[in-house]
$ cat upload_19.txt   # compact mmCIF, C-alpha atoms
# COMPACT_ATOMS: atom_id res chain seq x y z
CA MET A 471 115.74 84.80 57.13
CA ASN A 472 115.82 81.17 55.99
CA ASP A 473 119.35 80.93 57.38
CA THR A 474 118.14 82.35 60.69
CA GLU A 475 115.31 79.81 60.93
CA GLU A 476 117.77 76.99 60.16
CA ARG A 477 120.12 78.40 62.78
CA LYS A 478 117.31 78.36 65.37
CA LYS A 479 116.61 74.70 64.57
CA ASP A 480 120.30 73.82 64.84
CA VAL A 481 120.66 75.54 68.21
CA GLN A 482 117.50 73.94 69.60
CA GLY A 483 118.62 70.54 68.32
CA PHE A 484 122.03 71.07 69.93
CA TYR A 485 120.42 71.93 73.29
CA HIS A 486 117.86 69.11 73.08
CA ASP A 487 120.49 66.43 72.35
CA LEU A 488 122.84 67.79 74.99
CA TYR A 489 120.15 67.87 77.68
CA ASN A 490 118.98 64.32 76.93
CA GLU A 491 122.55 63.01 76.92
CA LEU A 492 123.75 64.65 80.13
CA VAL A 493 120.68 64.84 82.37
CA LYS A 494 119.83 61.18 82.82
CA GLY A 495 120.14 58.77 85.67
CA ASP A 496 122.04 59.43 88.87
CA THR A 497 125.15 60.97 87.30
CA GLY A 498 125.53 64.09 89.41
CA ILE A 499 124.63 66.33 86.44
CA ILE A 500 121.37 67.96 87.45
CA ASP A 501 120.60 70.47 84.69
CA VAL A 502 121.62 71.96 81.34
CA SER A 503 120.40 75.44 80.41
CA MET A 504 121.00 77.70 77.44
CA LYS A 505 120.99 81.48 76.92
CA GLN A 506 121.12 83.32 73.62
CA LYS A 507 120.05 86.91 72.88
CA PHE A 508 120.00 86.61 69.08
CA PRO A 509 120.06 83.48 66.88
CA SER A 510 123.35 84.63 65.32
CA ASP A 511 125.06 84.86 68.75
CA PRO A 512 127.08 81.93 70.11
CA PRO A 513 124.82 80.07 72.58
CA PHE A 514 125.90 80.03 76.22
CA MET A 515 125.52 76.60 77.80
CA LEU A 516 125.48 76.14 81.57
CA VAL A 517 125.88 72.63 82.95
CA LEU A 518 124.94 72.36 86.62
CA VAL A 519 126.46 69.58 88.76
CA ASP A 520 125.86 68.40 92.32
CA ASP A 521 129.27 69.03 93.88
CA LYS A 522 132.96 69.73 93.24
CA ARG A 523 133.77 66.02 93.10
CA VAL A 524 131.39 65.51 90.16
CA LYS A 525 132.78 68.62 88.48
CA ASP A 526 136.37 67.38 88.81
CA GLN A 527 135.50 63.88 87.60
CA ARG A 528 133.15 64.69 84.74
CA GLU A 529 134.00 68.14 83.36
CA LYS A 530 136.26 66.81 80.60
CA GLU A 531 133.59 64.28 79.58
CA VAL A 532 130.96 67.04 79.56
CA ARG A 533 133.10 69.26 77.35
CA ASN A 534 133.70 66.41 74.90
CA THR A 535 129.96 65.70 74.76
CA VAL A 536 129.16 69.36 74.13
CA GLU A 537 131.71 69.50 71.32
CA LYS A 538 130.29 66.30 69.78
CA TYR A 539 126.78 67.73 69.54
CA ALA A 540 128.05 71.15 68.49
CA GLN A 541 129.69 69.53 65.47
CA LYS A 542 126.57 67.47 64.76
CA HIS A 543 124.42 70.62 64.59
CA ASP A 544 126.97 72.91 62.88
CA ILE A 545 127.44 75.09 65.97
CA ILE A 546 130.90 76.53 65.34
CA LYS A 547 131.05 78.88 68.31
CA TYR A 548 129.56 78.44 71.77
CA ASN A 549 130.37 79.28 75.37
CA LEU A 550 130.28 76.65 78.11
CA GLU A 551 130.45 76.73 81.89
CA VAL A 552 130.35 73.70 84.18
CA LYS A 553 129.25 74.89 87.60
CA VAL A 554 128.46 73.45 91.02
CA GLY A 555 124.98 74.47 92.13
CA LYS A 556 121.46 73.52 93.05
CA LEU A 557 118.39 73.40 90.85
CA ASN A 558 115.67 75.62 92.27
CA LYS A 559 112.48 73.93 91.15
CA VAL A 560 109.27 75.45 92.40
CA PRO A 561 106.86 72.61 93.16
CA ILE A 562 103.47 72.74 91.46
CA SER A 563 100.67 72.68 94.00
CA LYS A 564 97.63 70.42 93.73
CA LYS A 565 95.51 73.51 93.13
CA GLU A 566 97.72 74.62 90.21
CA LYS A 567 97.70 71.11 88.74
CA GLU A 568 93.91 71.04 88.94
CA ILE A 569 93.65 74.41 87.19
CA MET A 570 96.00 73.22 84.44
CA ARG A 571 93.93 70.06 83.97
CA MET A 572 90.68 72.01 83.78
CA VAL A 573 92.04 74.55 81.29
CA GLU A 574 93.43 71.78 79.09
CA GLU A 575 90.12 69.89 79.16
CA PHE A 576 88.13 73.04 78.34
CA SER A 577 90.61 74.09 75.65
CA ASN A 578 90.26 70.82 73.77
CA ILE A 579 86.47 71.15 73.72
CA ALA A 580 86.35 74.89 72.98
CA LEU A 581 88.99 74.88 70.25
CA GLU A 582 87.18 72.14 68.36
CA LYS A 583 83.90 74.09 68.49
CA LEU A 584 85.63 77.28 67.43
CA LYS A 585 87.21 75.48 64.50
CA GLN A 586 83.82 74.19 63.39
CA ASN A 587 82.57 77.80 63.41
CA GLY A 588 85.58 79.16 61.53
CA TYR A 589 87.42 80.77 64.43
CA GLU A 590 90.70 80.41 66.33
CA SER A 591 91.28 81.25 69.97
CA GLU A 592 93.24 84.38 70.85
CA GLY A 593 93.36 83.34 74.51
CA ILE A 594 91.68 81.26 77.23
CA SER A 595 91.40 82.18 80.92
CA ILE A 596 89.68 80.75 83.98
CA SER A 597 88.03 82.28 87.04
CA ARG A 598 87.69 79.59 89.70
CA ASP A 599 85.84 81.88 92.11
CA LYS A 600 83.12 82.75 89.61
CA LYS A 601 83.37 79.39 87.80
CA ILE A 602 83.78 81.00 84.39
CA PHE A 603 85.83 79.99 81.34
CA THR A 604 86.56 82.96 79.08
CA ILE A 605 87.68 82.44 75.48
CA THR A 606 88.73 85.34 73.27
CA ILE A 607 88.38 85.59 69.48
CA ALA A 608 89.22 88.23 66.88
CA GLU A 609 86.20 89.71 65.12
CA SER A 610 84.74 93.07 64.10
CA LYS A 611 82.51 94.68 66.72
CA ASP A 612 79.33 94.51 64.62
CA LYS A 613 79.72 90.86 63.64
CA PHE A 614 80.80 89.84 67.14
CA GLU A 615 77.55 91.16 68.63
CA LYS A 616 75.61 88.94 66.21
CA ILE A 617 77.50 85.70 66.81
CA LYS A 618 78.53 86.01 70.49
CA HIS A 619 75.52 84.30 72.10
CA ASP A 620 75.25 81.47 69.55
CA LEU A 621 78.96 80.74 69.90
CA GLU A 622 78.73 80.74 73.69
CA ASP A 623 75.72 78.38 73.54
CA ASN A 624 77.54 75.97 71.17
CA ILE A 625 80.65 75.79 73.37
CA GLN A 626 78.58 75.60 76.57
CA ARG A 627 76.53 72.71 75.21
CA ALA A 628 79.66 70.82 74.19
CA LEU A 629 81.27 71.45 77.59
CA ASP A 630 78.19 70.18 79.45
CA GLU A 631 77.91 67.08 77.25
CA GLU A 632 81.59 66.11 77.12
CA SER A 633 82.82 67.14 80.55
CA ASP A 634 81.80 67.28 84.21
CA LEU A 635 83.19 70.81 84.53
CA LYS A 636 80.30 72.93 85.80
CA TYR A 637 81.55 76.23 84.44
CA LYS A 638 79.90 79.04 82.51
CA VAL A 639 81.34 79.85 79.06
CA VAL A 640 81.94 83.48 78.08
CA VAL A 641 83.20 84.55 74.65
CA GLU A 642 84.92 87.92 74.40
CA ARG A 643 86.36 89.92 71.51
CA VAL A 644 89.95 91.05 71.16
CA ALA A 645 90.31 94.56 69.73
CA GLN A 646 91.63 94.64 66.16
CA ILE A 647 94.69 96.64 67.20
CA GLU A 648 95.65 93.90 69.69
CA LYS A 649 95.10 91.24 67.02
CA THR A 650 97.30 93.13 64.55
CA GLU A 651 100.00 93.55 67.18
CA SER A 652 99.98 89.82 67.92
CA ASP A 653 100.09 88.94 64.21
CA TRP A 654 103.10 91.19 63.64
CA TYR A 655 105.27 89.72 66.40
CA PRO A 656 107.05 87.28 64.02
CA ILE A 657 107.81 90.20 61.68
CA PHE A 658 109.31 92.22 64.53
CA ASP A 659 111.37 89.17 65.53
CA SER A 660 112.75 88.86 61.99
CA ILE A 661 113.59 92.57 61.72
CA MET A 662 115.38 92.46 65.07
CA ASN A 663 117.34 89.30 64.28
CA GLU A 664 118.26 90.13 60.69
CA THR A 665 119.36 93.73 61.27
CA ASN A 666 121.42 92.65 64.27
CA LYS A 667 123.01 89.87 62.22
CA ASN A 668 123.90 92.06 59.24
CA PHE A 669 124.78 95.44 60.76
CA THR A 670 127.23 95.85 63.62
CA GLU A 671 125.84 99.36 64.17
CA VAL A 672 122.44 98.02 65.28
CA ARG A 673 122.09 98.13 69.07
CA GLY A 674 118.41 97.51 69.73
CA PHE A 675 114.86 97.34 68.49
CA ALA A 676 111.41 98.59 69.50
CA TYR A 677 107.98 99.11 68.04
CA SER A 678 104.83 101.05 68.88
CA PHE A 679 101.26 100.94 67.59
CA HIS A 680 100.40 104.13 69.49
CA PRO A 681 100.13 106.61 67.94
CA GLN A 682 99.40 105.18 64.52
CA PRO A 683 100.86 104.44 62.05
CA LEU A 684 102.92 101.56 63.42
CA GLN A 685 106.44 102.71 64.31
CA ILE A 686 109.30 100.26 63.71
CA ILE A 687 112.28 101.64 65.62
CA ILE A 688 115.88 100.53 65.10
CA LYS A 689 118.46 101.80 67.56
CA THR A 690 122.04 102.21 66.35
CA SER A 691 125.50 103.41 67.39
CA LEU A 692 125.62 105.76 64.39
CA LYS A 693 126.41 109.47 64.66
CA LYS A 694 124.92 112.34 62.70
CA GLY A 695 126.92 113.27 59.62
CA LYS A 696 127.65 112.05 56.08
CA GLU A 697 128.81 108.55 57.07
CA GLY A 698 125.82 108.00 59.34
CA LYS A 699 123.42 109.31 56.70
CA GLU A 700 124.69 106.88 54.08
CA LYS A 701 124.67 103.88 56.41
CA VAL A 702 121.27 104.59 57.89
CA ALA A 703 119.63 104.56 54.46
CA VAL A 704 121.02 101.07 53.83
CA ILE A 705 119.77 99.81 57.21
CA GLU A 706 116.31 101.27 56.60
CA GLU A 707 116.04 99.75 53.13
CA TYR A 708 117.12 96.37 54.48
CA ALA A 709 114.63 96.52 57.36
CA GLN A 710 111.83 97.42 54.94
CA SER A 711 112.73 94.46 52.71
CA VAL A 712 112.63 92.08 55.67
CA THR A 713 109.28 93.55 56.75
CA GLU A 714 107.64 93.03 53.36
CA ILE A 715 109.11 89.58 52.71
CA LYS A 716 107.93 88.31 56.10
CA ARG A 717 104.53 90.04 55.82
CA ILE A 718 103.85 88.46 52.41
CA GLU A 719 105.10 85.08 53.63
CA MET A 720 102.62 85.23 56.52
CA GLY A 721 99.77 86.44 54.32
CA LEU A 722 99.13 89.55 56.44
CA GLU A 723 97.30 92.57 55.11
CA LYS A 724 99.52 95.57 54.48
CA ILE A 725 99.16 98.39 57.00
CA PRO A 726 100.85 101.81 57.12
CA TYR A 727 104.12 101.85 59.06
CA THR A 728 107.10 104.12 59.63
CA ILE A 729 110.65 102.86 59.96
CA ILE A 730 112.65 105.06 62.33
CA ILE A 731 116.42 104.81 62.76
CA ARG A 732 117.83 106.38 65.94
CA ASP A 733 121.43 107.42 66.53
CA LYS A 734 123.59 106.62 69.56
CA LYS A 735 121.99 109.52 71.46
CA HIS A 736 118.52 108.13 70.65
CA ASP A 737 117.72 111.04 68.34
CA ILE A 738 115.91 110.29 65.07
CA LEU A 739 118.52 109.95 62.34
CA TYR A 740 116.22 108.75 59.56
CA SER A 741 112.53 108.12 59.10
CA LYS A 742 110.45 106.80 56.21
CA THR A 743 106.74 105.99 56.03
CA TYR A 744 105.17 103.26 53.90
CA LYS A 745 101.44 103.18 53.15
$ encode --input "upload_19.txt" --output "structure tokens"
Amino acid sequence: MNDTEERKKDVQGFYHDLYNELVKGDTGIIDVSMKQKFPSDPPFMLVLVDDKRVKDQREKEVRNTVEKYAQKHDIIKYNLEVKVGKLNKVPISKKEKEIMRMVEEFSNIALEKLKQNGYESEGISISRDKKIFTITIAESKDKFEKIKHDLEDNIQRALDEESDLKYKVVVERVAQIEKTESDWYPIFDSIMNETNKNFTEVRGFAYSFHPQPLQIIIKTSLKKGKEGKEKVAVIEEYAQSVTEIKRIEMGLEKIPYTIIIRDKKHDILYSKTYK
């Protein structure tokens, strides 16, 4: 997992340096984009240029630049395409810019007040028609009913004193199951990336909190039989190790979960529950 995190940093550094080097000034290079399904996959880089003349004149230079930064960031394999095209940028309207400004201003005020009260935001939304800012926190139902109005009053007072935004503040509660699901996303990401990196038989990943317990589902190309049975046990044990290492690293409370391995026909090949 440490290797995967380092790999992510290397790939992002590679893309960042490449973009800053190529997309500057009036050079005819209008964009650099990157696609990558898993961190262990070779990144695909697409360099977009204005016209065929620019492509003919600068493609060799572009390829040399890409190789330079690939070596700098230890990217051994990558795919590159230099293509003539247009950048479809959707302009941001004045209304959208105003909403973004208002949300940012409110967020700065609300997050500081939440921090002072020992909370973090699970989400912020705005209703311009009703002139309401809604901020969501994670809390038990009983405790939330006790602190909701005081927290709203504290944030409202700060908003009125520090801003000219004439909006009402509403604090809502996120259900614990939604909070748990959000907290576990990095674990799911690690399971998906690490099993894909280490087992060629792994074809996909899914999870479900409904019904409980949590189901961690790994899809494979394996077939039923002795060979599949032996391999699937290794994959399951590896996935469970990744789950626990990442859970402990993140300081998350242990919850019951079942690891399910499916064969190429999507039938359950192996299943084990941990409590």
$ closest_residue --input "upload_19.txt" --among "A:Gln685, A:Asn549, A:Thr497, A:Ser633" --to "Arg528 in chain A" --atoms "all atoms listed in the file"
A:Thr497
$ closest_residue --input "upload_19.txt" --among "A:Ser652, A:Ser660, A:Gln682, A:Asn534" --to "Pro509 in chain A" --atoms "only C-alpha atoms"
A:Ser660
$ atom_distance --input "upload_19.txt" --atom1 "CA of Thr474 in chain A" --atom2 "CA of Tyr677 in chain A"
20.9 Å
$ atom_distance --input "upload_19.txt" --atom1 "CA of Phe484 in chain A" --atom2 "CA of Asp511 in chain A"
14.2 Å
$ atom_distance --input "upload_19.txt" --atom1 "CA of His680 in chain A" --atom2 "CA of Thr728 in chain A"
11.9 Å
$ residues_around --input "upload_19.txt" --residues "Lys745 in chain A" --least-positions-apart "6" --cutoff "10 Å" --atoms "all atoms listed in the file" --output "count of residues only"
6
$ residues_around --input "upload_19.txt" --residues "Ile730 in chain A" --least-positions-apart "2" --cutoff "9 Å" --atoms "all atoms listed in the file" --output "ChimeraX atom specification"
/A:685-689,706,728,732,738-743
$ axis_aligned_box --input "upload_19.txt" --around "range 573-582 of chain A" --padding-each-side "8 Å" --output "JSON"
{"center_x": 89.9, "center_y": 72.4, "center_z": 74.8, "size_x": 23.1, "size_y": 21.0, "size_z": 28.9}
$ closest_residue --input "upload_19.txt" --among "A:Lys547, A:Lys559, A:Lys636, A:Lys696" --to "Ile500 in chain A" --atoms "all atoms listed in the file"
A:Lys559
